[in-house]
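Okay, data32.pdb now, which holds PDB, C-alpha atoms:
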```
ATOM      1  CA  MET Q   1      90.682 164.455 118.468
ATOM      2  CA  ASN Q   2      88.250 164.987 121.315
ATOM      3  CA  HIS Q   3      89.276 163.626 124.717
ATOM      4  CA  ASP Q   4      87.268 162.486 127.713
ATOM      5  CA  LEU Q   5      89.174 164.458 130.342
ATOM      6  CA  PRO Q   6      88.677 162.162 133.377
ATOM      7  CA  ALA Q   7      89.815 159.138 131.316
ATOM      8  CA  LEU Q   8      92.837 161.072 130.025
ATOM      9  CA  ILE Q   9      93.747 162.074 133.569
ATOM     10  CA  ALA Q  10      93.544 158.470 134.757
ATOM     11  CA  ARG Q  11      95.952 157.339 132.037
ATOM     12  CA  LEU Q  12      98.352 160.210 132.732
ATOM     13  CA  ARG Q  13      98.437 159.407 136.444
ATOM     14  CA  ALA Q  14      99.380 155.793 135.620
ATOM     15  CA  PHE Q  15     102.281 156.919 133.407
ATOM     16  CA  SER Q  16     105.534 155.282 134.588
ATOM     17  CA  GLY Q  17     107.573 158.471 134.304
ATOM     18  CA  LEU Q  18     105.326 160.016 136.927
ATOM     19  CA  THR Q  19     105.215 157.034 139.269
ATOM     20  CA  HIS Q  20     109.028 156.996 139.441
ATOM     21  CA  LYS Q  21     108.906 160.433 141.080
ATOM     22  CA  ARG Q  22     106.977 158.979 144.000
ATOM     23  CA  ASP Q  23     110.111 157.027 144.934
ATOM     24  CA  ILE Q  24     111.686 160.291 146.117
ATOM     25  CA  GLN Q  25     109.414 160.604 149.150
ATOM     26  CA  GLN Q  26     110.199 157.025 150.173
ATOM     27  CA  VAL Q  27     113.929 157.704 150.534
ATOM     28  CA  ALA Q  28     114.227 161.440 151.274
ATOM     29  CA  GLN Q  29     113.310 161.003 154.935
ATOM     30  CA  GLN Q  30     116.477 158.956 155.429
ATOM     31  CA  LEU Q  31     118.484 162.169 154.931
ATOM     32  CA  ARG Q  32     116.737 164.098 157.688
ATOM     33  CA  ASP Q  33     119.785 163.704 159.942
ATOM     34  CA  ALA Q  34     122.258 164.992 157.335
ATOM     35  CA  TRP Q  35     123.970 168.328 157.898
ATOM     36  CA  PRO Q  36     121.355 171.096 157.429
ATOM     37  CA  ASN Q  37     120.933 172.542 153.939
ATOM     38  CA  PRO Q  38     120.719 176.381 153.810
ATOM     39  CA  THR Q  39     118.247 176.223 150.919
ATOM     40  CA  PRO Q  40     115.284 173.832 150.505
ATOM     41  CA  ASN Q  41     115.419 170.694 148.351
ATOM     42  CA  GLY Q  42     112.911 170.345 145.550
ATOM     43  CA  ASP Q  43     114.214 172.546 142.746
ATOM     44  CA  ASP Q  44     116.016 171.331 139.624
ATOM     45  CA  CYS Q  45     119.431 172.115 141.159
ATOM     46  CA  ALA Q  46     121.037 172.530 144.537
ATOM     47  CA  LEU Q  47     121.384 176.266 145.231
ATOM     48  CA  ILE Q  48     124.649 176.997 147.060
ATOM     49  CA  PRO Q  49     125.391 180.534 148.336
ATOM     50  CA  ASP Q  50     128.723 181.755 146.961
ATOM     51  CA  GLY Q  51     129.732 185.328 147.737
ATOM     52  CA  SER Q  52     127.390 187.725 145.965
ATOM     53  CA  GLY Q  53     125.934 184.927 143.827
ATOM     54  CA  TYR Q  54     125.224 181.213 143.885
ATOM     55  CA  LYS Q  55     126.666 178.013 142.557
ATOM     56  CA  LEU Q  56     124.225 175.482 141.090
ATOM     57  CA  LEU Q  57     124.721 171.718 141.174
ATOM     58  CA  ALA Q  58     122.613 169.285 139.139
ATOM     59  CA  MET Q  59     122.933 165.520 138.801
ATOM     60  CA  GLU Q  60     121.158 162.833 136.798
ATOM     61  CA  GLY Q  61     121.404 159.045 136.884
ATOM     62  CA  PHE Q  62     120.043 156.949 134.034
ATOM     63  CA  ILE Q  63     118.060 153.741 133.828
ATOM     64  CA  ASN Q  64     120.500 150.901 133.157
ATOM     65  CA  ARG Q  65     118.518 149.505 130.236
ATOM     66  CA  PHE Q  66     118.579 152.895 128.471
ATOM     67  CA  VAL Q  67     122.351 153.153 128.918
ATOM     68  CA  ALA Q  68     122.851 149.583 127.687
ATOM     69  CA  GLU Q  69     120.643 149.874 124.595
ATOM     70  CA  ASP Q  70     121.309 153.467 123.486
ATOM     71  CA  PRO Q  71     124.786 154.381 124.723
ATOM     72  CA  TRP Q  72     125.583 157.380 122.496
ATOM     73  CA  PHE Q  73     122.240 159.053 123.171
ATOM     74  CA  ALA Q  74     122.553 158.291 126.894
ATOM     75  CA  GLY Q  75     125.884 160.099 126.923
ATOM     76  CA  TRP Q  76     124.414 163.071 125.073
ATOM     77  CA  CYS Q  77     121.419 163.196 127.419
ATOM     78  CA  GLY Q  78     123.710 163.061 130.437
ATOM     79  CA  VAL Q  79     124.993 166.492 129.500
ATOM     80  CA  MET Q  80     121.812 167.930 127.971
ATOM     81  CA  VAL Q  81     119.369 167.234 130.801
ATOM     82  CA  ASN Q  82     121.677 168.674 133.441
ATOM     83  CA  LEU Q  83     122.241 171.827 131.378
ATOM     84  CA  SER Q  84     118.473 172.246 131.195
ATOM     85  CA  ASP Q  85     118.281 171.987 134.986
ATOM     86  CA  ILE Q  86     120.957 174.670 135.344
ATOM     87  CA  ALA Q  87     119.046 176.935 132.937
ATOM     88  CA  ALA Q  88     115.776 176.321 134.798
ATOM     89  CA  MET Q  89     117.381 177.846 137.884
ATOM     90  CA  GLY Q  90     118.498 180.932 135.948
ATOM     91  CA  GLY Q  91     122.053 179.642 135.705
ATOM     92  CA  ARG Q  92     124.903 179.330 133.243
ATOM     93  CA  PRO Q  93     126.901 176.056 133.151
ATOM     94  CA  LEU Q  94     130.559 175.824 134.099
ATOM     95  CA  ALA Q  95     131.634 172.170 133.944
ATOM     96  CA  VAL Q  96     130.543 168.547 133.628
ATOM     97  CA  VAL Q  97     131.655 165.421 135.523
ATOM     98  CA  ASN Q  98     130.484 161.835 135.126
ATOM     99  CA  ALA Q  99     130.508 158.452 136.801
ATOM    100  CA  LEU Q 100     130.591 155.587 134.299
ATOM    101  CA  TRP Q 101     130.490 151.840 134.879
ATOM    102  CA  ASP Q 102     130.610 149.379 132.007
ATOM    103  CA  ASP Q 103     131.466 145.808 131.112
ATOM    104  CA  ALA Q 104     132.938 146.507 127.662
ATOM    105  CA  LEU Q 105     135.245 149.251 126.421
ATOM    106  CA  PRO Q 106     133.584 149.679 122.981
ATOM    107  CA  HIS Q 107     130.233 150.286 124.686
ATOM    108  CA  ALA Q 108     131.757 152.729 127.179
ATOM    109  CA  GLU Q 109     133.405 154.594 124.299
ATOM    110  CA  GLN Q 110     130.003 155.186 122.689
ATOM    111  CA  ILE Q 111     128.685 156.705 125.928
ATOM    112  CA  LEU Q 112     131.691 158.995 126.186
ATOM    113  CA  GLN Q 113     131.447 159.961 122.517
ATOM    114  CA  GLY Q 114     127.856 161.070 123.118
ATOM    115  CA  MET Q 115     128.978 163.114 126.101
ATOM    116  CA  ALA Q 116     131.807 164.649 124.083
ATOM    117  CA  ALA Q 117     129.437 165.602 121.260
ATOM    118  CA  ALA Q 118     127.086 167.363 123.683
ATOM    119  CA  SER Q 119     130.026 169.029 125.421
ATOM    120  CA  ARG Q 120     131.143 170.502 122.080
ATOM    121  CA  ALA Q 121     127.620 171.499 121.028
ATOM    122  CA  TYR Q 122     126.893 173.342 124.265
ATOM    123  CA  GLN Q 123     130.517 174.451 124.803
ATOM    124  CA  VAL Q 124     130.736 173.153 128.374
ATOM    125  CA  PRO Q 125     133.908 171.214 129.333
ATOM    126  CA  VAL Q 126     133.992 167.722 130.837
ATOM    127  CA  VAL Q 127     136.479 168.194 133.672
ATOM    128  CA  GLY Q 128     136.632 164.780 135.322
ATOM    129  CA  GLY Q 129     134.759 161.830 136.717
ATOM    130  CA  HIS Q 130     134.962 158.197 137.765
ATOM    131  CA  THR Q 131     135.335 155.179 135.468
ATOM    132  CA  ASN Q 132     134.980 151.444 136.092
ATOM    133  CA  LEU Q 133     135.241 149.113 133.092
ATOM    134  CA  ARG Q 134     134.871 145.948 135.184
ATOM    135  CA  SER Q 135     131.220 146.289 136.115
ATOM    136  CA  ASP Q 136     128.591 143.637 135.436
ATOM    137  CA  GLN Q 137     126.400 146.147 133.539
ATOM    138  CA  PRO Q 138     126.537 149.668 132.066
ATOM    139  CA  GLN Q 139     125.564 152.492 134.410
ATOM    140  CA  LEU Q 140     125.853 156.263 134.009
ATOM    141  CA  ALA Q 141     125.459 159.330 136.210
ATOM    142  CA  VAL Q 142     126.376 162.872 135.191
ATOM    143  CA  ALA Q 143     126.602 166.121 137.169
ATOM    144  CA  VAL Q 144     126.945 169.742 136.057
ATOM    145  CA  LEU Q 145     128.146 172.769 138.006
ATOM    146  CA  GLY Q 146     126.711 176.172 137.182
ATOM    147  CA  GLU Q 147     126.370 179.655 138.603
ATOM    148  CA  THR Q 148     123.791 182.419 138.854
ATOM    149  CA  THR Q 149     123.303 185.838 140.379
ATOM    150  CA  HIS Q 150     119.505 185.846 139.954
ATOM    151  CA  PRO Q 151     118.288 182.350 140.843
ATOM    152  CA  LEU Q 152     114.883 181.108 139.749
ATOM    153  CA  SER Q 153     113.087 178.920 142.268
ATOM    154  CA  SER Q 154     109.813 177.002 142.327
ATOM    155  CA  PHE Q 155     109.533 178.063 145.968
ATOM    156  CA  ALA Q 156     109.096 181.682 144.833
ATOM    157  CA  VAL Q 157     105.989 181.212 142.656
ATOM    158  CA  GLN Q 158     103.032 183.395 143.674
ATOM    159  CA  PRO Q 159      99.277 183.080 143.056
ATOM    160  CA  GLY Q 160      98.156 185.155 140.085
ATOM    161  CA  GLN Q 161     101.330 184.624 138.097
ATOM    162  CA  THR Q 162     100.834 183.232 134.602
ATOM    163  CA  LEU Q 163     101.850 179.668 133.814
ATOM    164  CA  MET Q 164     103.690 179.588 130.492
ATOM    165  CA  VAL Q 165     105.197 176.688 128.565
ATOM    166  CA  ALA Q 166     108.245 177.027 126.282
ATOM    167  CA  ILE Q 167     109.064 174.004 124.067
ATOM    168  CA  ASN Q 168     111.173 173.334 120.994
ATOM    169  CA  LEU Q 169     108.765 171.640 118.585
ATOM    170  CA  HIS Q 170     111.413 171.133 115.876
ATOM    171  CA  GLY Q 171     112.377 167.535 116.558
ATOM    172  CA  ARG Q 172     111.420 163.903 116.148
ATOM    173  CA  TRP Q 173     110.625 160.944 118.383
ATOM    174  CA  HIS Q 174     113.651 158.978 119.579
ATOM    175  CA  PRO Q 175     112.183 155.539 120.352
ATOM    176  CA  PRO Q 176     111.515 153.663 122.477
ATOM    177  CA  GLY Q 177     109.384 155.656 124.867
ATOM    178  CA  TYR Q 178     108.456 159.305 124.744
ATOM    179  CA  ASN Q 179     111.814 160.979 124.097
ATOM    180  CA  TRP Q 180     111.380 163.962 121.762
ATOM    181  CA  ASP Q 181     114.806 164.708 120.255
ATOM    182  CA  ALA Q 182     115.035 168.405 119.420
ATOM    183  CA  ALA Q 183     118.765 168.581 120.066
ATOM    184  CA  THR Q 184     121.075 166.043 118.431
ATOM    185  CA  HIS Q 185     120.375 167.257 114.872
ATOM    186  CA  ALA Q 186     119.961 170.932 115.763
ATOM    187  CA  ASP Q 187     122.394 173.763 115.056
ATOM    188  CA  PRO Q 188     124.678 173.972 118.117
ATOM    189  CA  LEU Q 189     124.555 177.765 118.117
ATOM    190  CA  ALA Q 190     120.752 177.623 118.243
ATOM    191  CA  LEU Q 191     120.923 175.188 121.172
ATOM    192  CA  ARG Q 192     123.178 177.528 123.127
ATOM    193  CA  GLN Q 193     121.114 180.607 122.315
ATOM    194  CA  ALA Q 194     117.899 178.939 123.446
ATOM    195  CA  LEU Q 195     119.367 177.820 126.779
ATOM    196  CA  SER Q 196     120.849 181.269 127.389
ATOM    197  CA  LEU Q 197     117.384 182.841 127.238
ATOM    198  CA  LEU Q 198     116.454 181.656 130.718
ATOM    199  CA  PRO Q 199     119.368 183.145 132.676
ATOM    200  CA  ALA Q 200     119.141 186.336 130.616
ATOM    201  CA  MET Q 201     115.433 186.781 131.400
ATOM    202  CA  ALA Q 202     116.060 185.835 135.033
ATOM    203  CA  ASP Q 203     118.658 188.622 135.247
ATOM    204  CA  GLU Q 204     116.150 191.090 133.779
ATOM    205  CA  GLY Q 205     113.267 189.997 136.001
ATOM    206  CA  PHE Q 206     111.021 188.724 133.193
ATOM    207  CA  ILE Q 207     110.748 185.186 134.629
ATOM    208  CA  GLN Q 208     110.025 184.499 138.289
ATOM    209  CA  ALA Q 209     110.494 180.706 138.267
ATOM    210  CA  ALA Q 210     111.095 177.864 135.835
ATOM    211  CA  LYS Q 211     111.166 174.081 135.843
ATOM    212  CA  ASP Q 212     112.608 171.750 133.215
ATOM    213  CA  ILE Q 213     109.993 169.307 131.891
ATOM    214  CA  SER Q 214     111.349 165.931 132.997
ATOM    215  CA  GLN Q 215     110.548 162.276 132.405
ATOM    216  CA  ALA Q 216     107.444 162.854 134.529
ATOM    217  CA  GLY Q 217     105.977 164.696 131.530
ATOM    218  CA  LEU Q 218     104.489 168.175 131.434
ATOM    219  CA  ALA Q 219     101.691 167.524 133.911
ATOM    220  CA  GLY Q 220     103.845 165.553 136.343
ATOM    221  CA  THR Q 221     106.562 168.209 136.265
ATOM    222  CA  LEU Q 222     103.935 170.856 136.982
ATOM    223  CA  VAL Q 223     102.781 168.907 140.030
ATOM    224  CA  MET Q 224     106.359 168.936 141.341
ATOM    225  CA  MET Q 225     106.583 172.690 140.732
ATOM    226  CA  LEU Q 226     103.326 173.215 142.612
ATOM    227  CA  GLU Q 227     104.483 170.972 145.434
ATOM    228  CA  SER Q 228     107.520 173.188 146.008
ATOM    229  CA  SER Q 229     105.556 176.426 145.765
ATOM    230  CA  GLY Q 230     102.692 175.258 147.962
ATOM    231  CA  LEU Q 231     100.248 176.360 145.270
ATOM    232  CA  GLY Q 232      97.875 175.007 142.639
ATOM    233  CA  ALA Q 233      97.214 175.917 139.031
ATOM    234  CA  GLY Q 234      94.724 175.834 136.230
ATOM    235  CA  LEU Q 235      96.057 174.285 133.026
ATOM    236  CA  ASP Q 236      94.285 174.699 129.677
ATOM    237  CA  LEU Q 237      95.384 171.679 127.637
ATOM    238  CA  THR Q 238      94.261 173.268 124.358
ATOM    239  CA  GLN Q 239      96.838 176.068 124.707
ATOM    240  CA  ILE Q 240      99.921 173.818 125.015
ATOM    241  CA  PRO Q 241     102.224 174.049 121.953
ATOM    242  CA  ILE Q 242     102.295 170.609 120.243
ATOM    243  CA  PRO Q 243     104.216 169.428 117.154
ATOM    244  CA  ALA Q 244     102.161 168.633 114.074
ATOM    245  CA  GLY Q 245     101.016 165.021 113.976
ATOM    246  CA  VAL Q 246     101.609 164.365 117.692
ATOM    247  CA  GLU Q 247      98.723 163.370 119.955
ATOM    248  CA  LEU Q 248      98.024 165.361 123.114
ATOM    249  CA  GLU Q 249      98.357 162.356 125.421
ATOM    250  CA  GLN Q 250     101.738 161.437 123.931
ATOM    251  CA  TRP Q 251     102.918 164.998 124.299
ATOM    252  CA  LEU Q 252     101.848 165.278 127.921
ATOM    253  CA  CYS Q 253     104.050 162.243 128.669
ATOM    254  CA  ALA Q 254     107.006 163.379 126.562
ATOM    255  CA  PHE Q 255     110.483 164.386 127.606
ATOM    256  CA  PRO Q 256     110.854 167.241 125.091
ATOM    257  CA  SER Q 257     114.656 167.904 125.105
ATOM    258  CA  PHE Q 258     114.013 171.652 125.472
ATOM    259  CA  GLY Q 259     110.863 172.235 127.502
ATOM    260  CA  PHE Q 260     110.217 174.514 130.470
ATOM    261  CA  LEU Q 261     107.342 175.518 132.700
ATOM    262  CA  LEU Q 262     107.554 179.202 133.584
ATOM    263  CA  ALA Q 263     106.019 181.462 136.221
ATOM    264  CA  VAL Q 264     105.670 184.928 134.706
ATOM    265  CA  GLU Q 265     104.022 188.141 135.858
ATOM    266  CA  PRO Q 266     101.126 188.866 133.458
ATOM    267  CA  GLN Q 267     102.644 192.108 132.184
ATOM    268  CA  HIS Q 268     105.774 190.243 131.015
ATOM    269  CA  CYS Q 269     104.092 187.394 129.096
ATOM    270  CA  ASP Q 270     104.259 189.017 125.657
ATOM    271  CA  GLU Q 271     107.955 189.844 126.030
ATOM    272  CA  VAL Q 272     108.807 186.337 127.250
ATOM    273  CA  ALA Q 273     106.949 184.725 124.332
ATOM    274  CA  ALA Q 274     108.644 187.075 121.851
ATOM    275  CA  ARG Q 275     112.131 186.274 123.196
ATOM    276  CA  PHE Q 276     111.550 182.555 122.755
ATOM    277  CA  ALA Q 277     109.974 183.064 119.317
ATOM    278  CA  ARG Q 278     113.129 184.791 118.104
ATOM    279  CA  CYS Q 279     114.967 181.542 118.867
ATOM    280  CA  ALA Q 280     112.283 179.434 117.125
ATOM    281  CA  ILE Q 281     110.960 178.152 120.469
ATOM    282  CA  SER Q 282     107.178 177.922 120.880
ATOM    283  CA  CYS Q 283     105.994 179.666 124.045
ATOM    284  CA  ALA Q 284     102.409 180.189 125.221
ATOM    285  CA  ALA Q 285     100.407 181.102 128.299
ATOM    286  CA  VAL Q 286      98.568 177.931 129.361
ATOM    287  CA  GLY Q 287      97.133 178.793 132.759
ATOM    288  CA  GLN Q 288      97.532 180.560 136.059
ATOM    289  CA  PHE Q 289      98.920 179.731 139.480
ATOM    290  CA  THR Q 290      96.320 179.642 142.254
ATOM    291  CA  ALA Q 291      96.271 179.514 146.051
ATOM    292  CA  GLU Q 292      94.325 176.232 146.209
ATOM    293  CA  ARG Q 293      96.745 173.303 146.106
ATOM    294  CA  LYS Q 294      95.087 171.521 143.184
ATOM    295  CA  LEU Q 295      96.062 171.131 139.545
ATOM    296  CA  ILE Q 296      92.835 171.635 137.618
ATOM    297  CA  MET Q 297      92.929 170.664 133.956
ATOM    298  CA  GLN Q 298      90.673 172.172 131.329
ATOM    299  CA  TYR Q 299      89.987 170.623 127.942
ATOM    300  CA  ARG Q 300      87.462 172.596 125.902
ATOM    301  CA  GLN Q 301      84.340 172.639 128.096
ATOM    302  CA  GLN Q 302      85.588 169.967 130.518
ATOM    303  CA  HIS Q 303      87.266 170.652 133.880
ATOM    304  CA  ALA Q 304      88.707 168.034 136.234
ATOM    305  CA  CYS Q 305      91.251 167.769 139.050
ATOM    306  CA  TYR Q 306      94.469 166.077 137.982
ATOM    307  CA  TRP Q 307      96.156 166.201 141.402
ATOM    308  CA  ASP Q 308      95.173 167.398 144.870
ATOM    309  CA  LEU Q 309      98.384 168.088 146.761
ATOM    310  CA  ALA Q 310      96.491 168.699 149.979
ATOM    311  CA  GLN Q 311      95.471 165.038 149.877
ATOM    312  CA  GLN Q 312      98.398 163.338 148.151
ATOM    313  CA  PRO Q 313     102.054 164.395 147.882
ATOM    314  CA  LEU Q 314     104.133 163.381 144.870
ATOM    315  CA  THR Q 315     107.798 163.779 145.853
ATOM    316  CA  GLY Q 316     107.105 165.091 149.361
ATOM    317  CA  MET Q 317     109.510 167.978 148.685
ATOM    318  CA  ASN Q 318     107.992 171.167 150.056
ATOM    319  CA  ASN Q 319     108.377 173.605 152.920
ATOM    320  CA  HIS Q 320     104.658 174.299 153.357
TER     321      HIS Q 320
END
```
File written out as structure tokens:
Amino acid sequence: MNHDLPALIARLRAFSGLTHKRDIQQVAQQLRDAWPNPTPNGDDCALIPDGSGYKLLAMEGFINRFVAEDPWFAGWCGVMVNLSDIAAMGGRPLAVVNALWDDALPHAEQILQGMAAASRAYQVPVVGGHTNLRSDQPQLAVAVLGETTHPLSSFAVQPGQTLMVAINLHGRWHPPGYNWDAATHADPLALRQALSLLPAMADEGFIQAAKDISQAGLAGTLVMMLESSGLGAGLDLTQIPIPAGVELEQWLCAFPSFGFLLAVEPQHCDEVAARFARCAISCAAVGQFTAERKLIMQYRQQHACYWDLAQQPLTGMNNH
């Protein structure tokens, strides 16, 4: 299918998963008077100095309707998405905690069963949490603690580095919405091996930064990465790995289960792609980071600006 790039960009910018990220800048300023943080906010995890290394702390809350209508999958995702955030920072997970509210025990049990299944698949223990079974509606938040000695950070991206995308295309849509499920039916060993690639390559210096593709979609997540780094990028839409039978616009809005944006020095791109390929993960160079704070999309012979961070912040999280 051929796309009119400006029209595609307009639809992507109206995507609800992206607009939710704008809420961050509306509330973040209320924390200006909190005790100072030694590392900047804006990455996938909090980075906490700990001796010769760092602890990582990630947390995710879920939309109430999703938790109410799809409890088992919500529980699974509570673990999975936080583990992806830990991996995106070059970390290895240590433990999971949750906060669960519900109005019915059978429903709450389905949420916890989903969490337990993900805990077994990824071999990360659930060590505690908070439970309230007298709420007026189901609600779920999950946090994961991890650690790293070679942290990856969006704040470290440099102009001239290659933008790569690594995505597991072996999945199926999990309706409603744009959830691509490449995890719940996968071999657990394969899931663990794929996640372990990021901290391993961080330790070896093959990856300079990474960001987990979130509900904001690939393009929206890239804007957040650029916002932290104070940079821009060129993105060639034709180079993005896409599952057979899936439309580009759908895929750019998708939450892909296992999907990461990577900043890689050009001389390491072939090795990074080969490492992912050995774990059946599609990985490709799709662009380059630039000094100008714009995300420029290319589709065949068309070029257009998707986002100009000099004119419009998204989350407002940057130190530049």
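On the file presented, the PyMOL selection byres ((chain Q and resi 98) around 7) picks out Val96, Val97, Ala99, Leu100, Gly128, Gly129, His130, Ala141, Val142 and Ala143 of chain Q.
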Residues in the PyMOL selection byres ((chain Q and resi 85) around 7), expressed as a tab-separated table (two decimals) with C-alpha atoms, in the frame of the given file:
```tsv
chain	number	residue	atom	x	y	z
Q	44	ASP	CA	116.02	171.33	139.62
Q	45	CYS	CA	119.43	172.12	141.16
Q	58	ALA	CA	122.61	169.28	139.14
Q	81	VAL	CA	119.37	167.23	130.80
Q	82	ASN	CA	121.68	168.67	133.44
Q	83	LEU	CA	122.24	171.83	131.38
Q	84	SER	CA	118.47	172.25	131.20
Q	86	ILE	CA	120.96	174.67	135.34
Q	87	ALA	CA	119.05	176.94	132.94
Q	88	ALA	CA	115.78	176.32	134.80
Q	89	MET	CA	117.38	177.85	137.88
Q	212	ASP	CA	112.61	171.75	133.22
```
- Task: Please provide as number ranges by chain all residues within 10 Å of Asp50 (chain Q), with the sequence filter that same-chain residues fewer than 6 positions apart are discarded (counting only C-alpha atoms).
- Result: Q: 56, 147-149
Let me see the file: selected residues, C-alpha atoms, as an mmCIF file, in the coordinates of the input.
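Full text of again.cif as output:
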```
data_model
loop_
_atom_site.group_PDB
_atom_site.id
_atom_site.type_symbol
_atom_site.label_atom_id
_atom_site.label_comp_id
_atom_site.auth_asym_id
_atom_site.auth_seq_id
_atom_site.Cartn_x
_atom_site.Cartn_y
_atom_site.Cartn_z
ATOM 1 C CA LEU Q 56 124.225 175.482 141.090
ATOM 2 C CA GLU Q 147 126.370 179.655 138.603
ATOM 3 C CA THR Q 148 123.791 182.419 138.854
ATOM 4 C CA THR Q 149 123.303 185.838 140.379
#
```
- Message: Quick check, in Å to one decimal: how far apart do CA of Asp236 (chain Q) and CA of Cys283 (chain Q) lie?
- Response: 13.9 Å
- Run the PyMOL selection byres ((chain Q and resi 237) around 7) on the file and write out the hits as a list in words. Leu235, Asp236, Thr238, Gln239, Ile240, Met297, Gln298 and Tyr299 of chain Q
- Message: With all atoms listed in the file as the counted atoms, please give the residues lying no more than 9 Å from Leu261 (chain Q), apart from itself and same-chain residues fewer than 2 positions off, as a PyMOL selection string.
- Response: chain Q and resi 88+163-167+209-213+218+221-222+225+259+263
- Excluding Ser196 (chain Q) and residues on its chain fewer than 6 positions from it, collect all residues at most 10 Å away from it, counting only C-alpha atoms, and give them as a list in words. Ala87, Gly90, Gly91, Arg92, Pro93 and Ala190 of chain Q
Ref. answer, residues at most 8 Å from (130.1, 151.0, 133.1) with all atoms listed in the file, as a PDB file with C-alpha atoms, in the frame of the given file:
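Generated output (part27.pdb):
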```
ATOM      1  CA  LEU Q 100     130.591 155.587 134.299  1.00  0.00           C
ATOM      2  CA  TRP Q 101     130.490 151.840 134.879  1.00  0.00           C
ATOM      3  CA  ASP Q 102     130.610 149.379 132.007  1.00  0.00           C
ATOM      4  CA  ASP Q 103     131.466 145.808 131.112  1.00  0.00           C
ATOM      5  CA  ALA Q 104     132.938 146.507 127.662  1.00  0.00           C
ATOM      6  CA  ALA Q 108     131.757 152.729 127.179  1.00  0.00           C
ATOM      7  CA  THR Q 131     135.335 155.179 135.468  1.00  0.00           C
ATOM      8  CA  ASN Q 132     134.980 151.444 136.092  1.00  0.00           C
ATOM      9  CA  LEU Q 133     135.241 149.113 133.092  1.00  0.00           C
ATOM     10  CA  ARG Q 134     134.871 145.948 135.184  1.00  0.00           C
ATOM     11  CA  SER Q 135     131.220 146.289 136.115  1.00  0.00           C
ATOM     12  CA  ASP Q 136     128.591 143.637 135.436  1.00  0.00           C
ATOM     13  CA  GLN Q 137     126.400 146.147 133.539  1.00  0.00           C
ATOM     14  CA  PRO Q 138     126.537 149.668 132.066  1.00  0.00           C
ATOM     15  CA  GLN Q 139     125.564 152.492 134.410  1.00  0.00           C
ATOM     16  CA  LEU Q 140     125.853 156.263 134.009  1.00  0.00           C
TER      17      LEU Q 140
END
```
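Shortest atom-to-atom contact with Trp180 (chain Q) among Q:Ser119, Q:Thr162, Q:Asn37, Q:Ser257: Q:Ser257, counting all atoms listed in the file.
The residue set within 8 Å of Ala194 (chain Q), counting all atoms listed in the file and dropping same-chain residues fewer than 3 places from it, reads Ala190, Leu191, Leu197, Leu198, Phe276, Cys279 and Ile281 of chain Q.
Of the listed residues (Q:Gly51, Q:Pro71, Q:Pro256, Q:Pro266), Q:Pro256 comes nearest to Leu169 (chain Q); the distances count all atoms listed in the file.
Of the residues under consideration (Q:Ile111, Q:Leu252, Q:Val127, Q:Met80), Q:Met80 shows the shortest atom-to-atom contact distance to Glu60 (chain Q) when counting all atoms listed in the file.
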